[in-house]
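Coordinates from run14.txt are shown below (compact mmCIF, C-alpha atoms and all ligand atoms).
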```txt
# COMPACT_ATOMS: atom_id res chain seq x y z
CA MET X 20 -22.29 -59.78 -25.58
CA THR X 21 -25.06 -59.80 -28.17
CA TYR X 22 -24.95 -63.59 -28.51
CA LEU X 23 -26.12 -63.80 -24.89
CA ALA X 24 -29.87 -63.26 -25.25
CA LYS X 25 -31.61 -61.57 -22.35
CA PRO X 26 -34.07 -63.91 -20.62
CA LYS X 27 -37.64 -63.00 -21.54
CA ILE X 28 -39.17 -64.31 -18.33
CA HIS X 29 -40.01 -61.63 -15.76
CA HIS X 30 -40.17 -62.17 -12.05
CA PRO X 31 -43.86 -61.85 -11.11
CA SER X 32 -43.09 -59.31 -8.39
CA LEU X 33 -41.64 -56.72 -10.82
CA THR X 34 -43.59 -53.45 -10.61
CA ARG X 35 -45.82 -52.68 -13.58
CA ASN X 36 -46.68 -49.21 -14.83
CA LYS X 37 -50.18 -47.96 -15.67
CA VAL X 38 -50.19 -49.66 -19.07
CA GLY X 39 -49.13 -52.98 -17.57
CA TYR X 40 -45.44 -53.10 -18.51
CA THR X 41 -42.40 -53.71 -16.32
CA ARG X 42 -39.24 -51.66 -16.77
CA ARG X 43 -37.70 -54.72 -18.45
CA ASP X 44 -40.27 -54.44 -21.25
CA TYR X 45 -38.58 -51.19 -22.31
CA GLU X 46 -35.11 -52.71 -22.58
CA GLY X 47 -33.44 -53.92 -25.76
CA ALA X 48 -30.53 -56.21 -26.64
CA VAL X 49 -27.41 -56.40 -24.48
CA SER X 50 -25.14 -53.42 -25.28
CA THR X 51 -21.88 -54.02 -27.17
CA LEU X 52 -20.50 -50.54 -26.37
CA CYS X 53 -17.34 -50.08 -24.26
CA ALA X 54 -17.91 -50.49 -20.52
CA GLY X 55 -18.40 -46.98 -19.08
CA CYS X 56 -19.50 -45.36 -22.37
CA GLY X 57 -21.83 -42.44 -21.65
CA HIS X 58 -24.20 -43.62 -24.38
CA ASP X 59 -25.29 -46.61 -22.25
CA SER X 60 -26.36 -44.23 -19.46
CA ILE X 61 -28.50 -42.31 -21.97
CA SER X 62 -30.17 -45.58 -23.07
CA ALA X 63 -30.94 -46.29 -19.40
CA ALA X 64 -32.44 -42.79 -19.01
CA ILE X 65 -34.65 -43.29 -22.11
CA ILE X 66 -35.88 -46.63 -20.71
CA GLN X 67 -36.64 -45.01 -17.35
CA ALA X 68 -38.47 -42.05 -18.95
CA CYS X 69 -40.67 -44.24 -21.17
CA TRP X 70 -41.55 -46.58 -18.32
CA GLU X 71 -42.42 -43.74 -15.96
CA LEU X 72 -44.49 -41.96 -18.63
CA ASP X 73 -46.51 -45.16 -19.25
CA ILE X 74 -45.73 -45.03 -22.95
CA GLU X 75 -46.80 -48.13 -24.85
CA PRO X 76 -43.65 -49.39 -26.61
CA HIS X 77 -45.45 -49.91 -29.93
CA ARG X 78 -46.32 -46.19 -29.97
CA VAL X 79 -42.63 -45.23 -30.31
CA ALA X 80 -40.57 -45.01 -33.50
CA LYS X 81 -36.82 -44.76 -32.84
CA LEU X 82 -34.58 -43.63 -35.67
CA SER X 83 -30.84 -43.14 -35.84
CA GLY X 84 -27.89 -42.64 -38.21
CA ILE X 85 -24.45 -44.27 -37.99
CA GLY X 86 -22.04 -44.29 -35.05
CA CYS X 87 -21.74 -45.86 -31.59
CA SER X 88 -24.52 -43.47 -30.50
CA SER X 89 -26.68 -44.45 -33.46
CA LYS X 90 -26.28 -48.13 -32.53
CA THR X 91 -27.93 -47.55 -29.16
CA PRO X 92 -31.61 -47.88 -30.24
CA THR X 93 -30.84 -51.62 -30.43
CA TYR X 94 -30.21 -51.51 -26.68
CA PHE X 95 -33.52 -49.93 -25.59
CA LEU X 96 -37.21 -50.21 -26.50
CA GLY X 97 -36.87 -53.63 -28.12
CA ASN X 98 -40.63 -53.71 -28.74
CA SER X 99 -40.77 -50.37 -30.59
CA HIS X 100 -40.44 -49.51 -34.28
CA GLY X 101 -36.83 -48.91 -35.35
CA PHE X 102 -35.03 -47.56 -38.42
CA ASN X 103 -31.25 -47.29 -38.67
CA THR X 104 -30.66 -44.87 -41.57
CA VAL X 105 -27.58 -43.85 -43.55
CA HIS X 106 -24.93 -41.67 -41.81
CA GLY X 107 -26.39 -38.23 -41.03
CA ARG X 108 -29.76 -38.90 -42.67
CA MET X 109 -31.89 -39.70 -39.64
CA PRO X 110 -33.72 -36.32 -39.59
CA SER X 111 -35.12 -36.58 -43.13
CA VAL X 112 -36.27 -40.19 -42.68
CA LEU X 113 -37.86 -39.19 -39.37
CA THR X 114 -39.56 -36.21 -41.03
CA GLY X 115 -41.04 -38.44 -43.72
CA ALA X 116 -42.25 -41.03 -41.23
CA ASN X 117 -43.78 -38.32 -39.05
CA LEU X 118 -45.62 -36.79 -42.01
CA ALA X 119 -47.03 -40.21 -42.93
CA ASN X 120 -48.13 -41.06 -39.40
CA ARG X 121 -48.32 -38.39 -36.73
CA ASP X 122 -49.71 -40.81 -34.14
CA LEU X 123 -46.32 -42.21 -33.09
CA LEU X 124 -43.78 -40.68 -30.74
CA TYR X 125 -40.66 -39.99 -32.81
CA LEU X 126 -37.33 -40.44 -31.07
CA GLY X 127 -34.26 -39.50 -33.12
CA VAL X 128 -30.94 -40.65 -31.68
CA SER X 129 -27.72 -39.38 -33.19
CA GLY X 130 -24.10 -38.51 -32.48
CA ASP X 131 -22.10 -35.32 -32.81
CA GLY X 132 -20.43 -36.71 -35.93
CA ASP X 133 -23.73 -37.91 -37.33
CA SER X 134 -25.52 -34.61 -36.66
CA ALA X 135 -22.87 -31.87 -36.57
CA SER X 136 -20.58 -33.12 -39.36
CA ILE X 137 -22.10 -35.14 -42.22
CA GLY X 138 -25.70 -34.55 -41.13
CA ILE X 139 -25.58 -30.84 -40.25
CA GLY X 140 -27.89 -29.82 -43.10
CA GLN X 141 -30.45 -32.38 -42.03
CA PHE X 142 -30.17 -31.35 -38.37
CA VAL X 143 -30.74 -27.71 -39.28
CA HIS X 144 -33.81 -28.20 -41.46
CA ALA X 145 -35.61 -30.70 -39.22
CA LEU X 146 -35.38 -28.22 -36.34
CA ARG X 147 -36.36 -25.12 -38.31
CA ARG X 148 -39.36 -26.95 -39.77
CA GLY X 149 -40.62 -27.81 -36.29
CA VAL X 150 -40.84 -31.58 -36.75
CA ASN X 151 -42.57 -33.01 -33.69
CA MET X 152 -39.79 -35.23 -32.32
CA VAL X 153 -37.36 -35.82 -29.51
CA TYR X 154 -33.92 -35.37 -31.05
CA ILE X 155 -31.14 -36.62 -28.77
CA VAL X 156 -27.51 -35.98 -29.71
CA GLU X 157 -25.13 -38.18 -27.73
CA ASN X 158 -22.25 -35.71 -27.84
CA ASN X 159 -18.72 -36.94 -27.07
CA GLY X 160 -16.75 -34.56 -29.30
CA VAL X 161 -15.29 -37.41 -31.37
CA TYR X 162 -16.16 -40.02 -33.96
CA GLY X 163 -16.10 -42.89 -31.49
CA LEU X 164 -16.97 -45.65 -33.95
CA THR X 165 -14.12 -44.75 -36.33
CA LYS X 166 -11.60 -44.46 -33.49
CA GLY X 167 -11.55 -40.96 -32.13
CA GLN X 168 -11.16 -38.26 -34.80
CA PHE X 169 -12.30 -34.78 -33.62
CA SER X 170 -15.91 -34.05 -34.52
CA ALA X 171 -17.37 -30.62 -35.29
CA THR X 172 -18.44 -30.17 -31.65
CA ALA X 173 -14.90 -30.60 -30.28
CA ASP X 174 -13.88 -27.41 -28.49
CA GLN X 175 -11.08 -25.27 -29.90
CA GLY X 176 -7.92 -26.06 -27.95
CA SER X 177 -9.09 -29.44 -26.71
CA VAL X 178 -6.44 -32.15 -26.99
CA SER X 179 -6.88 -35.58 -28.57
CA LYS X 180 -5.73 -38.78 -26.88
CA LYS X 181 -2.64 -38.71 -29.11
CA GLY X 182 -1.85 -35.09 -28.15
CA VAL X 183 -3.16 -33.26 -31.26
CA VAL X 184 -4.72 -29.85 -30.48
CA ASN X 185 -8.03 -29.02 -32.18
CA THR X 186 -7.70 -25.66 -33.95
CA ASP X 187 -11.22 -25.46 -35.44
CA ALA X 188 -14.06 -23.54 -33.80
CA PRO X 189 -16.82 -25.82 -32.44
CA LEU X 190 -20.44 -26.00 -33.53
CA ASP X 191 -22.75 -25.44 -30.57
CA LEU X 192 -25.87 -27.55 -31.20
CA VAL X 193 -27.82 -25.91 -28.38
CA GLY X 194 -27.05 -22.41 -29.69
CA MET X 195 -28.02 -23.50 -33.20
CA ALA X 196 -31.27 -25.12 -32.06
CA LEU X 197 -32.23 -21.94 -30.22
CA GLN X 198 -31.49 -19.82 -33.25
CA LEU X 199 -33.29 -22.24 -35.60
CA GLY X 200 -36.58 -22.04 -33.71
CA ALA X 201 -36.66 -25.38 -31.86
CA THR X 202 -39.34 -25.12 -29.18
CA TYR X 203 -37.72 -27.28 -26.47
CA VAL X 204 -33.97 -27.01 -26.05
CA ALA X 205 -31.99 -28.68 -23.30
CA ARG X 206 -28.51 -29.84 -22.48
CA GLY X 207 -27.83 -32.80 -20.21
CA PHE X 208 -24.93 -34.92 -19.08
CA SER X 209 -24.95 -38.72 -19.28
CA GLY X 210 -23.42 -38.79 -15.79
CA ASP X 211 -26.42 -36.94 -14.27
CA LYS X 212 -29.43 -39.24 -14.61
CA ARG X 213 -31.42 -37.25 -12.05
CA GLN X 214 -31.35 -34.31 -14.44
CA LEU X 215 -31.51 -36.29 -17.69
CA VAL X 216 -34.62 -38.45 -17.09
CA PRO X 217 -36.96 -35.47 -16.51
CA LEU X 218 -35.40 -33.62 -19.47
CA ILE X 219 -36.32 -36.59 -21.69
CA LYS X 220 -39.80 -36.90 -20.18
CA GLY X 221 -40.47 -33.21 -20.79
CA ALA X 222 -39.28 -33.53 -24.39
CA MET X 223 -41.50 -36.57 -24.98
CA GLN X 224 -44.55 -34.63 -23.83
CA HIS X 225 -43.62 -31.57 -25.89
CA PRO X 226 -45.65 -31.37 -29.14
CA GLY X 227 -42.91 -29.76 -31.24
CA ALA X 228 -39.23 -29.92 -32.14
CA ALA X 229 -37.28 -30.87 -29.02
CA LEU X 230 -33.49 -31.07 -28.99
CA ILE X 231 -31.48 -32.52 -26.11
CA ASP X 232 -27.71 -32.22 -26.47
CA VAL X 233 -26.31 -34.77 -24.01
CA ILE X 234 -22.61 -34.61 -23.21
CA SER X 235 -21.70 -38.31 -23.24
CA PRO X 236 -18.03 -39.12 -22.63
CA CYS X 237 -16.27 -41.60 -24.90
CA VAL X 238 -14.12 -43.58 -22.47
CA ALA X 239 -12.06 -45.14 -25.28
CA PHE X 240 -10.99 -41.96 -27.13
CA ASN X 241 -11.97 -38.75 -25.32
CA ASN X 242 -11.87 -39.09 -21.55
CA HIS X 243 -8.35 -37.86 -20.85
CA ALA X 244 -6.86 -34.63 -19.44
CA GLY X 245 -7.15 -31.87 -22.07
CA SER X 246 -10.54 -33.10 -23.33
CA THR X 247 -13.55 -30.87 -22.62
CA LYS X 248 -15.95 -33.82 -23.00
CA SER X 249 -14.47 -36.06 -20.27
CA TYR X 250 -16.39 -37.08 -17.13
CA GLU X 251 -14.02 -35.06 -14.96
CA PHE X 252 -14.18 -31.88 -17.06
CA VAL X 253 -17.98 -31.88 -17.31
CA ARG X 254 -18.41 -32.55 -13.57
CA ASP X 255 -16.08 -29.63 -12.79
CA HIS X 256 -17.62 -27.17 -15.28
CA ASN X 257 -21.34 -27.96 -15.18
CA GLU X 258 -23.36 -24.74 -14.87
CA VAL X 259 -26.88 -26.01 -14.03
CA ALA X 260 -29.61 -23.50 -14.98
CA ASN X 261 -32.47 -25.40 -13.36
CA ARG X 262 -33.72 -28.72 -12.06
CA LEU X 263 -36.74 -30.09 -13.88
CA ASP X 264 -39.60 -32.15 -12.51
CA PHE X 265 -42.21 -33.49 -14.89
CA VAL X 266 -45.68 -33.70 -13.29
CA PRO X 267 -48.22 -35.67 -15.44
CA CYS X 268 -51.73 -34.18 -15.54
CA ARG X 269 -53.10 -37.12 -13.53
CA ASP X 270 -50.85 -36.27 -10.53
CA GLU X 271 -51.57 -33.59 -7.96
CA ILE X 272 -49.37 -30.53 -8.39
CA VAL X 273 -47.74 -29.77 -5.06
CA VAL X 274 -45.21 -26.98 -4.50
CA ASP X 275 -42.53 -28.21 -2.13
CA TYR X 276 -40.06 -25.36 -2.27
CA ALA X 277 -40.03 -21.54 -2.23
CA SER X 278 -42.37 -20.46 -5.03
CA GLY X 279 -40.04 -17.59 -6.03
CA SER X 280 -37.50 -20.14 -7.20
CA VAL X 281 -40.06 -22.24 -9.09
CA LEU X 282 -41.39 -21.81 -12.60
CA ASP X 283 -44.35 -24.01 -13.55
CA VAL X 284 -44.87 -24.37 -17.31
CA GLU X 285 -48.22 -25.94 -18.11
CA LEU X 286 -48.37 -28.12 -21.22
CA HIS X 287 -51.22 -28.64 -23.70
CA ASP X 288 -52.46 -31.79 -21.94
CA GLY X 289 -52.45 -30.28 -18.45
CA SER X 290 -49.11 -31.78 -17.46
CA VAL X 291 -46.66 -29.42 -15.82
CA LEU X 292 -42.94 -28.86 -16.27
CA ARG X 293 -41.76 -27.67 -12.89
CA LEU X 294 -38.45 -25.82 -13.10
CA ARG X 295 -36.59 -25.21 -9.88
CA LYS X 296 -34.41 -22.30 -10.87
CA LEU X 297 -30.79 -22.42 -9.78
CA ALA X 298 -29.79 -19.33 -11.74
CA ALA X 299 -32.12 -16.97 -9.86
CA THR X 300 -33.29 -14.69 -12.68
CA TYR X 301 -33.34 -17.32 -15.43
CA ASP X 302 -36.62 -17.64 -17.37
CA ALA X 303 -36.65 -20.72 -19.64
CA ARG X 304 -39.49 -19.20 -21.73
CA ASP X 305 -37.23 -16.42 -23.05
CA ARG X 306 -35.36 -17.54 -26.19
CA THR X 307 -33.03 -14.53 -26.31
CA ALA X 308 -32.13 -14.92 -22.64
CA ALA X 309 -31.40 -18.60 -23.25
CA ILE X 310 -29.01 -17.78 -26.10
CA ARG X 311 -27.28 -15.20 -23.90
CA TYR X 312 -27.09 -17.55 -20.90
CA ALA X 313 -25.55 -20.43 -22.88
CA ARG X 314 -23.07 -18.11 -24.64
CA THR X 315 -22.01 -16.44 -21.39
CA ALA X 316 -21.43 -19.81 -19.71
CA ALA X 317 -19.37 -20.99 -22.70
CA ALA X 318 -17.28 -17.79 -22.70
CA GLU X 319 -16.48 -18.46 -19.04
CA GLY X 320 -15.43 -22.03 -19.84
CA GLU X 321 -18.59 -23.54 -18.31
CA ILE X 322 -21.18 -25.87 -19.85
CA ALA X 323 -24.78 -24.70 -19.37
CA THR X 324 -27.12 -27.64 -18.65
CA GLY X 325 -30.82 -27.94 -17.83
CA LEU X 326 -33.96 -27.00 -19.72
CA LEU X 327 -32.66 -23.87 -21.42
CA TYR X 328 -35.73 -22.98 -23.47
CA VAL X 329 -39.33 -24.12 -23.77
CA ASP X 330 -42.22 -22.69 -25.75
CA PRO X 331 -45.34 -23.77 -23.84
CA ASP X 332 -47.51 -23.32 -26.94
CA PRO X 333 -45.48 -24.67 -29.87
CA ARG X 334 -46.54 -25.26 -33.46
CA ASP X 335 -45.27 -28.20 -35.46
CA LEU X 336 -44.75 -29.07 -39.11
CA HIS X 337 -48.23 -30.60 -39.44
CA GLN X 338 -49.78 -27.32 -38.33
CA HIS X 339 -47.54 -25.36 -40.70
CA LEU X 340 -48.58 -27.57 -43.65
CA ASN X 341 -52.18 -28.10 -42.55
CA THR X 342 -51.89 -31.83 -43.15
CA VAL X 343 -54.54 -34.48 -42.75
CA THR X 344 -54.75 -35.83 -39.19
CA THR X 345 -55.37 -39.46 -40.17
CA PRO X 346 -52.22 -41.55 -40.67
CA PHE X 347 -51.72 -42.51 -44.33
CA ASN X 348 -51.98 -46.20 -43.50
CA GLN X 349 -55.55 -45.64 -42.33
CA LEU X 350 -56.70 -43.75 -45.41
CA GLY X 351 -58.58 -45.55 -48.14
CA GLU X 352 -57.92 -45.57 -51.87
CA ALA X 353 -60.48 -42.83 -52.46
CA GLU X 354 -58.59 -40.36 -50.22
CA LEU X 355 -55.12 -41.38 -51.39
CA CYS X 356 -56.02 -41.42 -55.11
CA PRO X 357 -58.58 -38.65 -55.67
CA GLY X 358 -58.76 -39.47 -59.37
CA ASN X 359 -57.96 -37.96 -62.74
CA ALA X 360 -60.29 -34.98 -62.46
CA ALA X 361 -58.68 -33.78 -59.24
CA LEU X 362 -55.21 -34.22 -60.74
CA GLU X 363 -56.23 -32.29 -63.85
CA ALA X 364 -57.51 -29.45 -61.66
CA ILE X 365 -54.19 -29.27 -59.78
CA ASN X 366 -52.22 -29.30 -63.03
CA ALA X 367 -54.47 -26.60 -64.48
CA ALA X 368 -53.88 -24.41 -61.41
CA LEU X 369 -50.14 -24.64 -62.00
CA ARG X 370 -50.21 -23.69 -65.68
C1 LIG D 401 -21.23 -41.86 -45.69
C2 LIG D 401 -20.34 -42.30 -44.56
N1 LIG D 401 -19.22 -41.61 -44.30
C3 LIG D 401 -18.43 -41.98 -43.26
C4 LIG D 401 -18.74 -43.08 -42.52
C5 LIG D 401 -17.81 -43.52 -41.40
N2 LIG D 401 -18.33 -43.22 -40.09
C6 LIG D 401 -19.04 -44.15 -39.41
S1 LIG D 401 -19.55 -43.58 -37.91
C7 LIG D 401 -18.79 -42.08 -38.17
C8 LIG D 401 -18.79 -40.99 -37.16
C9 LIG D 401 -19.62 -41.29 -35.96
O1 LIG D 401 -19.45 -40.28 -35.01
P1 LIG D 401 -20.62 -39.88 -34.04
O2 LIG D 401 -21.86 -39.62 -34.78
O3 LIG D 401 -20.11 -38.79 -33.17
O4 LIG D 401 -20.87 -41.22 -33.20
P2 LIG D 401 -20.07 -41.83 -31.97
O5 LIG D 401 -19.46 -43.08 -32.53
O6 LIG D 401 -19.05 -40.86 -31.50
O7 LIG D 401 -21.12 -42.09 -30.96
C10 LIG D 401 -18.16 -42.04 -39.41
C11 LIG D 401 -17.41 -40.89 -39.93
C12 LIG D 401 -19.92 -43.78 -42.83
N3 LIG D 401 -20.33 -44.85 -42.12
N4 LIG D 401 -20.71 -43.38 -43.84
S1 LIG D 402 -15.64 -46.03 -28.78
FE1 LIG D 402 -16.32 -44.40 -27.40
S2 LIG D 402 -18.40 -43.88 -28.11
FE2 LIG D 402 -17.87 -45.90 -28.96
S3 LIG D 402 -18.66 -47.39 -27.48
FE3 LIG D 402 -16.51 -47.02 -26.95
S4 LIG D 402 -16.63 -45.39 -25.41
FE4 LIG D 402 -18.59 -45.38 -26.46
MG MG D 403 -19.38 -38.80 -31.30
```

For the file at hand, write its structure as C-alpha cells.
Ligand SMILES: Cc1ncc(C[n+]2csc(CCOP(=O)(O)OP(=O)(O)O)c2C)c(N)n1
Ligand code: SF4
Ligand SMILES: [Mg+2]
Amino acid sequence: MTYLAKPKIHHPSLTRNKVGYTRRDYEGAVSTLCAGCGHDSISAAIIQACWELDIEPHRVAKLSGIGCSSKTPTYFLGNSHGFNTVHGRMPSVLTGANLANRDLLYLGVSGDGDSASIGIGQFVHALRRGVNMVYIVENNGVYGLTKGQFSATADQGSVSKKGVVNTDAPLDLVGMALQLGATYVARGFSGDKRQLVPLIKGAMQHPGAALIDVISPCVAFNNHAGSTKSYEFVRDHNEVANRLDFVPCRDEIVVDYASGSVLDVELHDGSVLRLRKLAATYDARDRTAAIRYARTAAAEGEIATGLLYVDPDPRDLHQHLNTVTTPFNQLGEAELCPGNAALEAINAALR
C-alpha cells in the first residue's frame, strides 16, 4: 500500500557497495501492482543490477510511458531522476534528455502496449538512431492497466481470459530491434532473475542502444491456459541461447568452464561480458545469425532468451551528430547563445 511509507532507517549491518549505498537505497515506494505481477520481479532485478554495479542513484534518469509497467519506476531507484511521459512517448522524451545531458544513465521502462501499439513509431526511431539507453519492455501481451485487451505482441492463436482467440500477427520487438540496428539486444523472463540481472548489467554498461524484451506475465489477465505469456508457458518453452556473466574491469577475469563454450566480449571500459553458450554454435556478435536464431525458435513454438546480439564497438546518436560533450546545463551563455553574427552566418548558408 502506497500510504504505508517504507522506513528510511537502515540497519547498520546492511552491506554497502563501493559507492557507500545499501541495496535499500536503490528501492522506491511500495508497489501497488497485483501480487505476483512479473513487473515487480523486473523492478527487483533493476535494483539488484544497479546496486551490484555501484551506480550512484543520482546518475540515473528513469523514464516511462503509461501502463502498469510504466508505473514501476516509482517502485525502484527512489533517489534517481524520473519522468513519467504520455502514453507511448517515452523514447522521444528520453532522446531529448540524453541529447541535453549525456552524463546520465538513461533507463527507459515501457510496456508492450506502450511500445508496440501506440508508441511503435517512437520505439522504432529511438533504436535506429542509436540512442544510448537501456530500453526495457515489460512484455505481458496485454494492456494490463486497462484490463486485459490483446496488445500488438500477443501471439496469433493465443486465447484471452474470456476465451477470445487473437487472429492478428504479433510484432516481435527483438526481431525489430535487430533489424533496426540496436547494438545490444536481449530477451529475458521476469521469472528468471539469474538470467535477467546480468542482462540488465550488461545493457547498463553498453554505450549504445540496448533493448531488453522481458516476458513478464500479467497474473490478473494473461496467465491462463491458452496464453503464450503465462508463467507456465514461458517456463515450458524457454530456449536459452546463453548464460551471461558481467565481469567489471576491476575484477579478475577467471575462466571456470570449458573455454570452447565461452565467449568473452570485452567492452570499451575493460569490463567483460562472459557468455556461456548453451546453443553450441551461437555467436552473439553476428546480427544475421541472431535474427535467424530467434525466428527459428519462434517457428518451433519456442521463445529465444539470453543475450541474442551485442556489438562490442557500438556508435551512438551523439557520435552520429558530433554533439558537444558538455551537458547543456554546464554551458555558459556565450556557448548557448553565440550571438547575432553567428546566426546570420547560419542563415546565409541556408539561402
Ligand atoms: C493516449 C492514450 N490512449 C490510451 C490510454 C489508455 N491506456 C492506458 S495504459 C494502456 C495500455 C498499457 O499497456 P502496456 O503498455 O502493455 O502496460 P501494462 O499495463 O500491460 O504493463 C492504455 C491503452 C492512455 N492512457 N492514453
Ligand atoms: S493488471 Fe496485470 S500487469 Fe497490471 S499489475 Fe496486475 S498483474 Fe501486473
Ligand atoms: Mg502489457

>> as a ChimeraX atom specification, please: the residues near Pro346 (chain X) (cut-off 9 Å, only C-alpha atoms, same-chain neighbours under 2 positions excluded).
In response: /X:118-122,343-344,348-350

Pull C-alpha atoms from the residues just selected and write them as a PDB file, in the coordinates of the input.
```pdb
ATOM      1  CA  LEU X 118     -45.620 -36.790 -42.010  1.00  0.00           C
ATOM      2  CA  ALA X 119     -47.030 -40.210 -42.930  1.00  0.00           C
ATOM      3  CA  ASN X 120     -48.130 -41.060 -39.400  1.00  0.00           C
ATOM      4  CA  ARG X 121     -48.320 -38.390 -36.730  1.00  0.00           C
ATOM      5  CA  ASP X 122     -49.710 -40.810 -34.140  1.00  0.00           C
ATOM      6  CA  VAL X 343     -54.540 -34.480 -42.750  1.00  0.00           C
ATOM      7  CA  THR X 344     -54.750 -35.830 -39.190  1.00  0.00           C
ATOM      8  CA  ASN X 348     -51.980 -46.200 -43.500  1.00  0.00           C
ATOM      9  CA  GLN X 349     -55.550 -45.640 -42.330  1.00  0.00           C
ATOM     10  CA  LEU X 350     -56.700 -43.750 -45.410  1.00  0.00           C
TER      11      LEU X 350
END
```

> X:Ala201, X:Ile231, X:Met152, X:Ala244: which is nearest Ser179 (chain X), counting only C-alpha atoms?
Replying inline: X:Ala244

> Which residues sit within 10 Å of ligand LIG 401 (chain D), counting all atoms listed in the file, listed as a PyMOL selection string?
Replying inline: chain X and resi 52+56-58+83-91+105-108+128-138+156-172+235-237+240-241

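Using all atoms listed in the file, the nearest neighbour of ligand LIG 402 (chain D) within the list X:Ala173, X:Cys53, X:Ala68, X:Ala299 is X:Cys53.
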
> Using all atoms listed in the file, which residues sit within 7 Å of Cys268 (chain X) once same-chain residues fewer than 2 positions away are excluded, as a PyMOL selection string?
Replying inline: chain X and resi 266+270+288-291

>> Set the distance at 12 Å and use all atoms listed in the file: which residues neighbour region 38-41 of chain X once local chain neighbours fewer than 6 positions away are removed? I'd like the list as a VMD selection string.
In response: chain X and resid 27 to 32 66 to 67 69 to 77 96 98

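CA of Ala228 (chain X) to CA of Gly149 (chain X) spans 4.9 Å [interatomic distance, one decimal].
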
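For the atom pair formed by CA of Arg78 (chain X) and CA of Met109 (chain X), the distance is 18.5 Å, given to one decimal.
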
>> Can you pull out the residues contacting Ala323 (chain X)? Cut-off 12 Å, using all atoms listed in the file, and skip same-chain residues under 3 positions away; I want them as a ChimeraX atom specification.
In response: /X:191,193-194,204-208,232-234,253-261,297-298,301,309-320,326-328

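Across the model, the gap from CA of Tyr94 (chain X) to CA of Asn151 (chain X) is 23.3 Å.
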
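In this comparison, which uses all atoms listed in the file, the residue of X:Asn341, X:Ser60, X:Thr247, X:Ser177 approaching ligand LIG 402 (chain D) most closely is X:Ser60.
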
> What lies within 12 Å of Gly227 (chain X) using all atoms listed in the file, ignoring chain neighbours under 5 positions off, as a ChimeraX atom specification?
Replying inline: /X:117,121,124-125,145-154,200-204,221-222,286-287,329-339

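Each of X:Leu292, X:Ala353, X:Ala239, X:Val284 was checked against ligand MG 403 (chain D) using all atoms listed in the file; the smallest atom-to-atom distance is that of X:Ala239.
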